[in-house]
file work-v4.cif (mmCIF, C-alpha atoms and all ligand atoms)
data_upload
#
loop_
_atom_site.label_atom_id
_atom_site.label_comp_id
_atom_site.auth_asym_id
_atom_site.auth_seq_id
_atom_site.Cartn_x
_atom_site.Cartn_y
_atom_site.Cartn_z
CA MET A 1 -10.00 5.55 -16.87
CA GLN A 2 -8.33 8.90 -16.92
CA THR A 3 -4.72 9.83 -17.38
CA GLN A 4 -3.57 13.26 -16.44
CA THR A 5 -0.24 14.95 -16.61
CA PRO A 6 -0.36 18.53 -15.49
CA LYS A 7 1.94 19.81 -18.21
CA SER A 8 2.07 23.41 -17.17
CA GLU A 9 3.20 22.37 -13.69
CA SER A 10 5.75 20.02 -15.21
CA GLN A 11 7.26 22.85 -17.23
CA ASP A 12 7.43 25.05 -14.14
CA LEU A 13 9.04 22.40 -12.03
CA ALA A 14 11.62 20.93 -14.41
CA PRO A 15 14.19 23.75 -14.39
CA LYS A 16 14.37 23.81 -10.60
CA ALA A 17 14.94 20.03 -10.44
CA GLN A 18 17.72 20.19 -13.06
CA LYS A 19 19.79 22.65 -11.07
CA MET A 20 20.66 20.10 -8.42
CA PRO A 21 23.97 18.16 -8.81
CA LEU A 22 23.94 14.67 -10.30
CA ILE A 23 24.35 11.61 -8.06
CA TRP A 24 26.86 9.63 -10.04
CA HIS A 25 26.87 6.49 -7.89
CA ASN A 26 23.10 6.12 -8.42
CA ILE A 27 23.40 6.78 -12.16
CA LEU A 28 26.22 4.24 -12.54
CA PHE A 29 24.51 1.63 -10.37
CA MET A 30 21.19 1.87 -12.15
CA THR A 31 22.84 1.77 -15.56
CA LEU A 32 25.53 -0.84 -15.02
CA VAL A 33 23.54 -3.36 -12.95
CA PRO A 34 20.83 -3.88 -15.63
CA LEU A 35 23.53 -3.85 -18.33
CA VAL A 36 25.46 -6.65 -16.60
CA ALA A 37 22.19 -8.58 -16.11
CA VAL A 38 21.17 -8.22 -19.77
CA ILE A 39 24.61 -9.08 -21.20
CA PHE A 40 25.84 -11.78 -18.85
CA THR A 41 22.63 -13.71 -18.10
CA PRO A 42 22.29 -15.05 -21.71
CA LEU A 43 26.04 -15.84 -21.78
CA TYR A 44 25.75 -17.67 -18.45
CA LEU A 45 22.71 -19.62 -19.65
CA MET A 46 24.45 -20.56 -22.92
CA ASN A 47 27.28 -22.11 -20.91
CA HIS A 48 25.28 -23.69 -18.09
CA GLY A 49 21.79 -24.19 -19.51
CA LEU A 50 18.59 -23.10 -17.80
CA THR A 51 17.48 -25.22 -14.87
CA TRP A 52 14.37 -25.15 -12.68
CA GLY A 53 16.72 -24.55 -9.75
CA MET A 54 17.85 -21.26 -11.30
CA VAL A 55 14.25 -20.20 -12.00
CA ALA A 56 13.27 -21.01 -8.41
CA PHE A 57 16.33 -19.18 -7.08
CA LEU A 58 15.43 -16.05 -9.05
CA ALA A 59 11.75 -16.28 -8.05
CA ILE A 60 12.55 -16.74 -4.35
CA THR A 61 15.17 -13.97 -4.15
CA TYR A 62 12.92 -11.63 -6.18
CA THR A 63 9.94 -12.34 -3.89
CA ILE A 64 11.98 -11.84 -0.71
CA SER A 65 13.48 -8.66 -2.11
CA ASN A 66 10.10 -7.14 -2.99
CA MET A 67 8.32 -8.30 0.14
CA MET A 68 11.00 -6.74 2.34
CA ILE A 69 10.13 -3.45 0.66
CA THR A 70 6.33 -3.82 0.61
CA THR A 71 5.73 -5.39 4.04
CA GLY A 72 8.75 -3.78 5.70
CA TYR A 73 9.97 -0.51 4.23
CA HIS A 74 6.53 0.56 3.06
CA ARG A 75 3.66 -0.70 5.21
CA TYR A 76 5.68 -1.10 8.42
CA PHE A 77 8.39 1.58 8.60
CA SER A 78 6.84 4.27 6.40
CA HIS A 79 3.22 4.01 7.52
CA ARG A 80 3.36 2.02 10.78
CA THR A 81 0.20 0.18 9.78
CA TYR A 82 0.94 -2.67 12.21
CA SER A 83 3.34 -3.72 14.96
CA VAL A 84 5.84 -6.46 14.51
CA HIS A 85 8.06 -8.87 16.46
CA PRO A 86 11.66 -7.53 16.83
CA VAL A 87 13.03 -10.48 14.83
CA ILE A 88 10.88 -9.51 11.83
CA GLU A 89 11.87 -5.86 12.22
CA TRP A 90 15.50 -6.93 12.13
CA LEU A 91 14.85 -9.00 8.98
CA TYR A 92 13.20 -5.99 7.30
CA ILE A 93 16.21 -3.85 8.10
CA PHE A 94 19.02 -6.22 7.15
CA VAL A 95 17.52 -8.42 4.45
CA GLY A 96 15.68 -5.37 3.05
CA ALA A 97 19.03 -3.63 2.50
CA GLY A 98 19.80 -6.21 -0.21
CA SER A 99 16.91 -4.85 -2.33
CA PHE A 100 19.18 -1.87 -3.09
CA GLN A 101 16.46 0.73 -2.64
CA GLY A 102 18.36 2.78 -0.07
CA SER A 103 18.29 2.67 3.71
CA VAL A 104 15.06 2.33 5.68
CA LEU A 105 15.65 5.85 6.95
CA ALA A 106 16.05 7.47 3.52
CA TRP A 107 13.30 5.39 1.88
CA SER A 108 10.69 6.04 4.57
CA THR A 109 11.54 9.73 4.88
CA ASP A 110 11.08 10.17 1.13
CA HIS A 111 7.93 8.11 1.14
CA ARG A 112 6.26 10.00 3.97
CA ARG A 113 7.02 13.21 2.10
CA HIS A 114 5.56 11.67 -1.08
CA HIS A 115 2.24 11.18 0.74
CA LEU A 116 2.33 14.57 2.39
CA GLU A 117 3.25 16.54 -0.73
CA VAL A 118 1.88 14.22 -3.43
CA ASP A 119 2.25 15.62 -6.98
CA SER A 120 3.70 18.91 -5.74
CA HIS A 121 7.24 20.22 -6.18
CA ASP A 122 8.16 18.91 -2.72
CA ASP A 123 7.06 15.36 -3.56
CA PRO A 124 10.46 13.60 -4.04
CA TYR A 125 9.11 11.50 -6.92
CA SER A 126 6.39 13.78 -8.13
CA ARG A 127 4.48 12.42 -11.13
CA SER A 128 3.94 16.05 -12.14
CA LYS A 129 7.60 16.15 -13.20
CA GLY A 130 7.08 13.34 -15.73
CA PHE A 131 6.65 9.56 -15.91
CA TRP A 132 10.35 8.70 -16.00
CA TYR A 133 11.21 11.28 -13.37
CA ALA A 134 8.75 9.57 -11.00
CA HIS A 135 10.01 6.14 -12.08
CA PHE A 136 13.73 6.61 -11.35
CA TRP A 137 15.22 9.83 -12.70
CA TRP A 138 14.47 11.46 -9.36
CA LEU A 139 17.26 9.28 -7.96
CA PHE A 140 19.82 10.76 -10.35
CA ARG A 141 19.92 14.23 -8.80
CA GLU A 142 20.44 15.52 -5.31
CA ASP A 143 17.24 16.29 -3.47
CA ALA A 144 16.72 20.00 -2.92
CA HIS A 145 14.82 19.20 0.24
CA PRO A 146 16.93 19.13 3.45
CA LYS A 147 16.19 15.47 4.06
CA ALA A 148 18.53 14.91 7.02
CA LYS A 149 16.69 17.52 9.06
CA ALA A 150 13.40 15.80 8.30
CA PHE A 151 14.44 12.29 9.42
CA PRO A 152 11.53 11.06 11.55
CA LYS A 153 12.37 10.47 15.21
CA ASP A 154 10.54 7.16 15.41
CA LEU A 155 13.11 5.87 12.89
CA THR A 156 16.28 7.61 14.08
CA LYS A 157 15.84 6.26 17.62
CA SER A 158 16.35 2.69 16.34
CA LYS A 159 20.01 1.62 16.56
CA ALA A 160 19.48 -1.07 13.92
CA ILE A 161 18.01 1.45 11.45
CA MET A 162 20.86 3.89 12.08
CA PHE A 163 23.45 1.11 11.69
CA GLN A 164 21.87 0.09 8.36
CA HIS A 165 21.80 3.74 7.28
CA ASN A 166 25.40 4.50 8.25
CA TYR A 167 26.88 1.32 6.75
CA TYR A 168 24.35 0.97 3.94
CA PRO A 169 26.72 0.19 1.01
CA LEU A 170 28.47 -2.53 3.02
CA VAL A 171 25.25 -4.12 4.37
CA ALA A 172 23.51 -3.93 0.98
CA THR A 173 26.49 -5.41 -0.91
CA PHE A 174 26.82 -8.25 1.56
CA VAL A 175 23.10 -9.13 1.55
CA GLY A 176 22.41 -8.28 -2.10
CA PHE A 177 25.46 -9.80 -3.81
CA VAL A 178 27.65 -11.87 -1.46
CA ILE A 179 24.86 -13.95 0.10
CA PRO A 180 23.27 -14.82 -3.30
CA GLY A 181 26.78 -15.77 -4.46
CA LEU A 182 27.26 -18.10 -1.50
CA ILE A 183 23.80 -19.64 -2.05
CA GLY A 184 24.70 -20.07 -5.73
CA LEU A 185 27.86 -21.89 -4.67
CA ALA A 186 25.90 -24.17 -2.35
CA CYS A 187 23.20 -24.87 -5.00
CA GLY A 188 25.61 -25.68 -7.81
CA PHE A 189 25.25 -22.48 -9.91
CA GLY A 190 28.69 -21.32 -8.82
CA PHE A 191 29.46 -18.13 -6.86
CA TRP A 192 29.24 -15.87 -9.93
CA GLY A 193 26.09 -17.62 -11.16
CA GLY A 194 24.50 -16.83 -7.80
CA VAL A 195 25.72 -13.21 -7.95
CA LEU A 196 24.36 -12.83 -11.49
CA ILE A 197 20.90 -14.37 -10.93
CA GLY A 198 20.24 -13.56 -7.27
CA GLY A 199 22.15 -10.26 -7.46
CA PHE A 200 22.27 -8.34 -10.75
CA LEU A 201 19.17 -9.83 -12.42
CA ARG A 202 17.04 -9.93 -9.26
CA ILE A 203 17.97 -6.34 -8.27
CA THR A 204 17.10 -5.01 -11.73
CA LEU A 205 13.68 -6.70 -11.78
CA SER A 206 12.89 -5.90 -8.17
CA GLN A 207 13.89 -2.24 -8.36
CA HIS A 208 11.82 -1.55 -11.46
CA SER A 209 8.84 -3.41 -10.03
CA THR A 210 8.85 -1.05 -7.04
CA PHE A 211 9.50 1.98 -9.24
CA LEU A 212 6.28 1.19 -11.16
CA ILE A 213 4.34 2.35 -8.11
CA ASN A 214 5.71 5.86 -8.40
CA SER A 215 5.33 6.04 -12.18
CA ALA A 216 2.66 3.67 -13.57
CA ALA A 217 0.44 3.61 -10.45
CA HIS A 218 0.29 7.40 -10.73
CA THR A 219 -0.63 7.17 -14.44
CA TRP A 220 -2.87 4.21 -15.33
CA GLY A 221 -5.89 2.84 -13.57
CA THR A 222 -9.04 3.99 -11.82
CA ARG A 223 -9.64 6.50 -9.04
CA PRO A 224 -12.47 5.06 -6.96
CA TYR A 225 -11.63 6.85 -3.69
CA THR A 226 -10.22 10.24 -4.58
CA ASP A 227 -9.28 12.34 -7.59
CA THR A 228 -7.35 14.90 -5.56
CA ASN A 229 -4.08 13.26 -6.62
CA THR A 230 -2.71 11.16 -9.49
CA ALA A 231 -2.66 7.81 -7.62
CA ARG A 232 -4.59 4.97 -9.35
CA ASP A 233 -5.90 1.49 -8.63
CA SER A 234 -4.87 -1.21 -11.07
CA PHE A 235 -5.10 -5.00 -10.80
CA ILE A 236 -2.27 -5.46 -13.32
CA LEU A 237 0.04 -3.24 -11.29
CA ALA A 238 -1.07 -4.93 -8.07
CA PHE A 239 -0.11 -8.25 -9.65
CA LEU A 240 3.32 -6.92 -10.64
CA THR A 241 4.00 -5.26 -7.28
CA PHE A 242 2.82 -7.71 -4.61
CA GLY A 243 -0.41 -5.81 -3.99
CA GLU A 244 0.84 -2.23 -4.04
CA GLY A 245 -1.07 -1.40 -7.23
CA TYR A 246 -4.24 -0.39 -5.36
CA HIS A 247 -2.53 2.93 -4.96
CA ASN A 248 -5.60 5.18 -5.05
CA PHE A 249 -6.97 3.42 -1.98
CA HIS A 250 -3.54 3.56 -0.37
CA HIS A 251 -3.15 7.31 -0.85
CA PHE A 252 -6.54 7.92 0.76
CA PHE A 253 -6.16 5.37 3.58
CA GLN A 254 -2.42 5.25 4.10
CA ALA A 255 -2.71 4.00 7.71
CA ASP A 256 -4.50 0.81 6.55
CA TYR A 257 -2.25 -2.28 6.38
CA ARG A 258 -4.19 -3.41 3.29
CA ASN A 259 -4.02 -1.97 -0.19
CA GLY A 260 -6.42 -4.44 -1.78
CA ILE A 261 -9.38 -4.47 0.61
CA ARG A 262 -11.58 -7.05 -1.13
CA TRP A 263 -10.91 -10.77 -0.69
CA TYR A 264 -10.43 -11.17 -4.46
CA GLN A 265 -7.96 -8.29 -4.82
CA TRP A 266 -4.36 -9.43 -5.29
CA ASP A 267 -2.45 -8.27 -2.23
CA PRO A 268 0.19 -10.82 -1.10
CA THR A 269 1.68 -8.16 1.19
CA LYS A 270 -1.62 -7.99 3.12
CA TRP A 271 -1.83 -11.80 3.24
CA THR A 272 1.74 -12.00 4.59
CA ILE A 273 0.97 -9.48 7.34
CA GLU A 274 -2.20 -11.41 8.23
CA ALA A 275 -0.26 -14.70 8.24
CA MET A 276 2.35 -13.15 10.55
CA ALA A 277 -0.45 -11.91 12.82
CA SER A 278 -1.94 -15.40 13.03
CA LEU A 279 1.49 -16.70 14.08
CA GLY A 280 1.85 -13.99 16.71
CA LEU A 281 4.63 -12.20 14.80
CA ALA A 282 2.53 -9.13 13.95
CA SER A 283 -0.19 -7.30 15.86
CA LYS A 284 -2.31 -4.12 15.98
CA LEU A 285 -3.16 -4.33 12.28
CA LYS A 286 -4.79 -1.01 11.41
CA LYS A 287 -7.86 -0.87 9.17
CA ALA A 288 -9.87 2.08 7.95
CA ARG A 289 -13.52 1.93 9.04
CA ARG A 290 -15.81 0.29 6.52
CA GLU A 291 -18.13 3.33 6.58
CA GLU A 292 -15.23 5.69 5.88
CA ILE A 293 -14.16 3.60 2.89
CA PHE A 294 -17.72 3.54 1.60
CA LYS A 295 -18.08 7.30 2.18
CA ALA A 296 -15.02 8.04 0.03
CA ARG A 297 -16.15 5.66 -2.70
CA PHE A 298 -19.69 6.96 -2.69
CA ALA A 299 -18.51 10.59 -2.87
CA MET A 300 -16.60 9.73 -6.06
CA GLU A 301 -19.58 7.87 -7.52
CA GLU A 302 -21.84 10.82 -6.75
CA LYS A 303 -19.35 13.16 -8.41
CA HIS A 304 -19.39 11.05 -11.59
CA VAL A 305 -23.20 10.89 -11.56
CA LEU A 306 -23.48 14.67 -11.21
CA GLU A 307 -20.91 15.18 -14.00
CA GLN A 308 -22.83 12.83 -16.29
CA LEU A 309 -26.14 14.50 -15.47
CA ALA A 310 -24.63 17.91 -16.15
CA ARG A 311 -23.21 16.75 -19.51
CA GLY A 312 -26.20 14.90 -20.96
CA GLN A 313 -29.82 15.69 -21.71
CA HIS A 314 -31.22 13.50 -18.98
CA ALA A 315 -34.79 13.40 -17.76
CA PRO A 316 -35.20 15.43 -14.52
CA SER A 317 -36.37 12.23 -12.81
CA PHE A 318 -32.77 10.94 -12.89
CA ALA A 319 -31.53 13.83 -10.76
CA GLU A 320 -34.50 13.49 -8.39
CA ARG A 321 -33.95 9.74 -7.98
CA ALA A 322 -30.23 10.28 -7.41
CA ALA A 323 -30.87 12.91 -4.73
CA ALA A 324 -33.47 10.74 -2.96
CA LEU A 325 -31.23 7.67 -3.02
CA LYS A 326 -28.31 9.69 -1.71
CA VAL A 327 -30.40 10.73 1.29
CA ARG A 328 -31.46 7.13 1.95
CA ILE A 329 -27.90 5.83 1.60
CA ASN A 330 -26.49 8.49 3.92
CA GLU A 331 -29.24 7.95 6.50
CA THR A 332 -28.77 4.19 6.60
CA GLN A 333 -24.98 4.60 6.78
CA THR A 334 -25.29 6.99 9.72
CA LYS A 335 -27.74 4.65 11.46
CA LEU A 336 -25.41 1.69 10.92
CA ARG A 337 -22.45 3.63 12.30
CA HIS A 338 -24.37 4.57 15.45
CA LEU A 339 -25.66 1.03 15.94
CA HIS A 340 -22.15 -0.40 15.56
CA ASP A 341 -20.70 2.18 17.94
CA ASP A 342 -23.45 1.54 20.51
CA TYR A 343 -22.93 -2.18 20.25
CA LEU A 344 -19.14 -1.88 20.74
CA LEU A 345 -19.64 0.46 23.70
CA ALA A 346 -22.17 -1.89 25.32
CA LYS A 347 -19.75 -4.79 24.82
CA LYS A 348 -16.88 -2.82 26.37
CA ASN A 349 -19.01 -1.76 29.35
CA PHE A 350 -20.22 -5.31 29.88
CA LYS A 351 -16.65 -6.64 29.84
CA ALA A 352 -15.49 -3.98 32.30
CA GLU A 353 -18.42 -4.62 34.66
CA TRP A 354 -17.97 -8.35 34.36
CA ALA A 355 -14.26 -8.16 35.20
CA GLU A 356 -14.93 -5.87 38.18
CA LYS A 357 -17.94 -7.54 39.76
CA ARG A 358 -17.77 -11.14 38.59
CA LYS A 359 -16.14 -12.51 41.76
CA GLN A 360 -18.52 -10.74 44.14
CA MET A 361 -21.64 -11.99 42.33
CA SER A 362 -23.47 -15.20 43.02
CA HIS A 363 -23.82 -17.76 40.22
CA ASP A 364 -27.45 -16.81 39.56
CA VAL A 365 -26.72 -13.06 39.32
CA ARG A 366 -23.83 -13.78 36.96
CA GLU A 367 -26.01 -15.90 34.73
CA ALA A 368 -28.78 -13.29 34.74
CA MET A 369 -26.25 -10.59 33.77
CA ARG A 370 -24.93 -12.75 30.96
CA ALA A 371 -28.41 -13.53 29.69
CA GLN A 372 -29.35 -9.84 29.77
CA PHE A 373 -26.29 -8.92 27.70
CA ALA A 374 -26.91 -11.78 25.24
CA LYS A 375 -30.50 -10.58 24.75
CA ALA A 376 -29.40 -6.97 24.21
CA LYS A 377 -26.74 -8.17 21.76
CA GLN A 378 -29.28 -10.21 19.81
CA SER A 379 -31.73 -7.33 19.48
CA ARG A 380 -28.93 -4.90 18.47
CA LYS A 381 -27.73 -7.37 15.81
CA ALA A 382 -31.27 -7.72 14.51
CA GLU A 383 -31.52 -3.92 14.23
CA ILE A 384 -28.19 -3.84 12.37
CA ARG A 385 -29.44 -6.55 9.99
CA VAL A 386 -32.60 -4.60 9.20
CA VAL A 387 -30.73 -1.35 8.51
CA SER A 388 -28.13 -3.26 6.46
CA ILE A 389 -30.92 -4.62 4.25
CA GLU A 390 -32.30 -1.07 3.82
CA PHE A 391 -28.83 0.18 2.92
CA LYS A 392 -28.17 -2.65 0.44
CA SER A 393 -31.49 -2.07 -1.25
CA ALA A 394 -30.85 1.70 -1.60
CA TYR A 395 -27.32 1.12 -2.86
CA SER A 396 -28.40 -1.50 -5.38
CA GLN A 397 -30.99 0.99 -6.73
CA TRP A 398 -28.24 3.60 -6.87
CA ARG A 399 -26.07 1.25 -8.94
CA SER A 400 -28.85 0.51 -11.41
CA LEU A 401 -29.56 4.25 -11.63
CA ARG A 402 -25.90 4.83 -12.53
CA LYS A 403 -26.22 2.23 -15.29
CA ASP A 404 -29.40 3.91 -16.58
CA ILE A 405 -27.67 7.30 -16.59
CA ARG A 406 -24.68 5.86 -18.46
CA ARG A 407 -26.95 4.19 -21.02
CA ALA A 408 -28.95 7.37 -21.51
CA ALA A 409 -25.78 9.48 -22.01
ZN ZN B 501 2.07 7.33 -4.55
ZN ZN B 502 2.66 4.67 0.99
#

call {"tool": "encode", "arguments": {"input": "work-v4.cif", "output": "structure tokens", "more": "lines below"}}
Ligand SMILES: [Zn+2]
Ligand SMILES: [Zn+2]
result
Amino acid sequence: MQTQTPKSESQDLAPKAQKMPLIWHNILFMTLVPLVAVIFTPLYLMNHGLTWGMVAFLAITYTISNMMITTGYHRYFSHRTYSVHPVIEWLYIFVGAGSFQGSVLAWSTDHRRHHLEVDSHDDPYSRSKGFWYAHFWWLFREDAHPKAKAFPKDLTKSKAIMFQHNYYPLVATFVGFVIPGLIGLACGFGFWGGVLIGGFLRITLSQHSTFLINSAAHTWGTRPYTDTNTARDSFILAFLTFGEGYHNFHHFFQADYRNGIRWYQWDPTKWTIEAMASLGLASKLKKARREEIFKARFAMEEKHVLEQLARGQHAPSFAERAAALKVRINETQTKLRHLHDDYLLAKKNFKAEWAEKRKQMSHDVREAMRAQFAKAKQSRKAEIRVVSIEFKSAYSQWRSLRKDIRRAA
């Protein structure tokens, strides 16, 4: 695990950032809301006692609040990693406003720039300017970047997004404070109990959970896919942020709807998108190719191996074995990619031919055509299986070599 803060860059960048005027409504909101939550929640609990209903209310509103940001603002509007039913889009826009993280338009514009300019001066929440700057201080000063001119057209053409943007304080206050108050009234916590738990307390927790992505997920964790930026992967952060903590993967494969790609990685945002897809509410879920993901991961592993070999007094056989295994791994990966591509192309051609000629063909010709394709499919799958075994064997040897190198260091 490495932590890096480019200090010299930070010193260069700080004076420029400080010249911009302060945004007092953000400063007051982000100071007073937590203050009210911290002071009045204990007082409220002393008078009313803590009930499971209150805990559930906080948990539900907190989850909705965060998921609107992660599934909606982030993976849908900012990265367009999937398509969604208009009703869900509307929910993202209007319920998402209650998370008090700004309009869809402002949030996504900033976030796209974060990916484009990561860690540089033009990154709106650049980690290079310090942990707390990336966490939320960036919100306290005007942005030097002419944001309005950079508003993406795919967002500005939506009337709902523009309505949310133009009437943001009203929409956010209604969804973020008034509705929790009304629910509180209906559930027996009282209007102000609802406003306190589902509004002030929930907003404080939810905001800082999201902010961790810009600060902590650019500070602590591993970098399995790239070390060209400060983004990290961390299970703890993923757990705290509904799956967004696999941030190193996300920065390298930002068009992928997943952040945690393994079945065991905690990514409730991915599971929600998949659940929506199974219900027909989401579609066109984008995934990076498995080979591309492996390529990025393997390049980082190779880099570490070479660094370790360069540092230590290793036997020359280590370097030779590493080079030979790299060739085998790359060859099998290339073969697998071609076999997969050929198989997909054959499948597509068969489908097209079938659709075009099916009605003109006799039953026997149809069956013969089907049998021929099934046979070709079987033999291609067998080839893929053989090459997969070769690849797995080479990669397993590579992993044990890495262990040997580490032990010998
Ligand atoms: Zn980031
Ligand atoms: Zn992103």

call {"tool": "closest_residue", "arguments": {"input": "work-v4.cif", "among": "A:Lys326, A:His251, A:Lys284, A:Arg402", "to": "ligand ZN 502 (chain B)", "atoms": "all atoms listed in the file"}}
result
A:His251

call {"tool": "residues_near_ligand", "arguments": {"input": "work-v4.cif", "ligand": "ligand ZN 502 (chain B)", "cutoff": "8 Å", "atoms": "all atoms listed in the file", "output": "ChimeraX atom specification"}}
result
/A:74-75,78-79,111-112,114-115,250-251,254

call {"tool": "residues_around", "arguments": {"input": "work-v4.cif", "residues": "Glu292 of chain A", "least_positions_apart": "5", "cutoff": "12 Å", "atoms": "only C-alpha atoms", "output": "list in words"}}
result
Tyr225, Phe249, Phe252, Phe253, Asp256, Lys287, Arg297, Phe298, Ala299, Asn330, Gln333, Thr334 and Arg337 of chain A

call {"tool": "residues_near_ligand", "arguments": {"input": "work-v4.cif", "ligand": "ligand ZN 501 (chain B)", "cutoff": "9 Å", "atoms": "all atoms listed in the file", "output": "compact mmCIF listing (two decimals) with C-alpha atoms, in the coordinates of the input"}}
result
# COMPACT_ATOMS: atom_id res chain seq x y z
CA HIS A 111 7.93 8.11 1.14
CA HIS A 114 5.56 11.67 -1.08
CA HIS A 115 2.24 11.18 0.74
CA VAL A 118 1.88 14.22 -3.43
CA ASP A 119 2.25 15.62 -6.98
CA TYR A 125 9.11 11.50 -6.92
CA SER A 126 6.39 13.78 -8.13
CA ARG A 127 4.48 12.42 -11.13
CA ILE A 213 4.34 2.35 -8.11
CA ASN A 214 5.71 5.86 -8.40
CA SER A 215 5.33 6.04 -12.18
CA ALA A 217 0.44 3.61 -10.45
CA HIS A 218 0.29 7.40 -10.73
CA ASN A 229 -4.08 13.26 -6.62
CA THR A 230 -2.71 11.16 -9.49
CA ALA A 231 -2.66 7.81 -7.62
CA ARG A 232 -4.59 4.97 -9.35
CA HIS A 247 -2.53 2.93 -4.96
CA ASN A 248 -5.60 5.18 -5.05
CA HIS A 250 -3.54 3.56 -0.37
CA HIS A 251 -3.15 7.31 -0.85

call {"tool": "residues_around", "arguments": {"input": "work-v4.cif", "residues": "Arg321 of chain A", "least_positions_apart": "5", "cutoff": "9 Å", "atoms": "all atoms listed in the file", "output": "number ranges by chain"}}
result
A: 316, 326, 398, 401

call {"tool": "atom_distance", "arguments": {"input": "work-v4.cif", "atom1": "atom CA of Trp266 of chain A", "atom2": "atom CA of Ile69 of chain A"}}
result
16.8 Å

call {"tool": "residues_around", "arguments": {"input": "work-v4.cif", "residues": "segment 387-392 of chain A", "least_positions_apart": "3", "cutoff": "8 Å", "atoms": "all atoms listed in the file", "output": "list in words"}}
result
Arg328, Ile329, Thr332, Gln333, Lys335, Leu336, Glu383, Ile384, Tyr395 and Ser396 of chain A

call {"tool": "residues_around", "arguments": {"input": "work-v4.cif", "residues": "Tyr62 of chain A", "least_positions_apart": "6", "cutoff": "8 Å", "atoms": "only C-alpha atoms", "output": "mmCIF file with C-alpha atoms, keeping the file's coordinate frame"}}
result
data_model
loop_
_atom_site.group_PDB
_atom_site.id
_atom_site.type_symbol
_atom_site.label_atom_id
_atom_site.label_comp_id
_atom_site.auth_asym_id
_atom_site.auth_seq_id
_atom_site.Cartn_x
_atom_site.Cartn_y
_atom_site.Cartn_z
ATOM 1 C CA GLY A 198 20.240 -13.560 -7.270
ATOM 2 C CA ARG A 202 17.040 -9.930 -9.260
ATOM 3 C CA ILE A 203 17.970 -6.340 -8.270
ATOM 4 C CA LEU A 205 13.680 -6.700 -11.780
ATOM 5 C CA SER A 206 12.890 -5.900 -8.170
#

call {"tool": "closest_residue", "arguments": {"input": "work-v4.cif", "among": "A:Leu240, A:Arg141, A:Tyr246, A:Ser393", "to": "Gly221 of chain A", "atoms": "only C-alpha atoms"}}
result
A:Tyr246

call {"tool": "closest_residue", "arguments": {"input": "work-v4.cif", "among": "A:Gly176, A:Gly312, A:Gly130, A:Gly280", "to": "Ile88 of chain A", "atoms": "all atoms listed in the file"}}
result
A:Gly280

call {"tool": "atom_distance", "arguments": {"input": "work-v4.cif", "atom1": "atom CA of Thr41 of chain A", "atom2": "atom CA of Asn26 of chain A"}}
result
22.1 Å

call {"tool": "closest_residue", "arguments": {"input": "work-v4.cif", "among": "A:Ala352, A:Val386, A:Ala186, A:Leu237", "to": "Thr210 of chain A", "atoms": "all atoms listed in the file"}}
result
A:Leu237

call {"tool": "atom_distance", "arguments": {"input": "work-v4.cif", "atom1": "atom CA of Lys286 of chain A", "atom2": "atom CA of Ala376 of chain A"}}
result
28.4 Å

call {"tool": "closest_residue", "arguments": {"input": "work-v4.cif", "among": "A:Ile183, A:Leu45, A:Trp52, A:Pro86", "to": "Ser283 of chain A", "atoms": "all atoms listed in the file"}}
result
A:Pro86

call {"tool": "closest_residue", "arguments": {"input": "work-v4.cif", "among": "A:Phe239, A:Thr269, A:Leu345, A:Glu301", "to": "Arg223 of chain A", "atoms": "only C-alpha atoms"}}
result
A:Glu301

call {"tool": "residues_around", "arguments": {"input": "work-v4.cif", "residues": "His25 of chain A", "least_positions_apart": "5", "cutoff": "12 Å", "atoms": "all atoms listed in the file", "output": "PyMOL selection string"}}
result
chain A and resi 30-33+139-142+169

call {"tool": "build_atoms", "arguments": {"input": "work-v4.cif", "residues": "segment 212-219 of chain A", "atoms": "N, CA and C atoms", "output": "compact mmCIF listing (two decimals), keeping the file's coordinate frame"}}
result
# COMPACT_ATOMS: atom_id res chain seq x y z
N LEU A 212 7.56 1.07 -10.44
CA LEU A 212 6.28 1.19 -11.16
C LEU A 212 5.21 1.88 -10.31
N ILE A 213 5.34 1.73 -9.00
CA ILE A 213 4.34 2.35 -8.11
C ILE A 213 4.39 3.87 -8.22
N ASN A 214 5.59 4.40 -8.33
CA ASN A 214 5.71 5.86 -8.40
C ASN A 214 5.40 6.42 -9.79
N SER A 215 5.57 5.57 -10.81
CA SER A 215 5.33 6.04 -12.18
C SER A 215 3.97 5.53 -12.68
N ALA A 216 3.88 4.22 -12.95
CA ALA A 216 2.66 3.67 -13.57
C ALA A 216 1.43 3.78 -12.66
N ALA A 217 1.61 3.55 -11.36
CA ALA A 217 0.44 3.61 -10.45
C ALA A 217 0.00 5.06 -10.20
N HIS A 218 0.74 6.01 -10.75
CA HIS A 218 0.29 7.40 -10.73
C HIS A 218 -0.12 7.84 -12.14
N THR A 219 -0.30 6.85 -13.05
CA THR A 219 -0.63 7.17 -14.44
C THR A 219 -1.84 6.40 -14.95
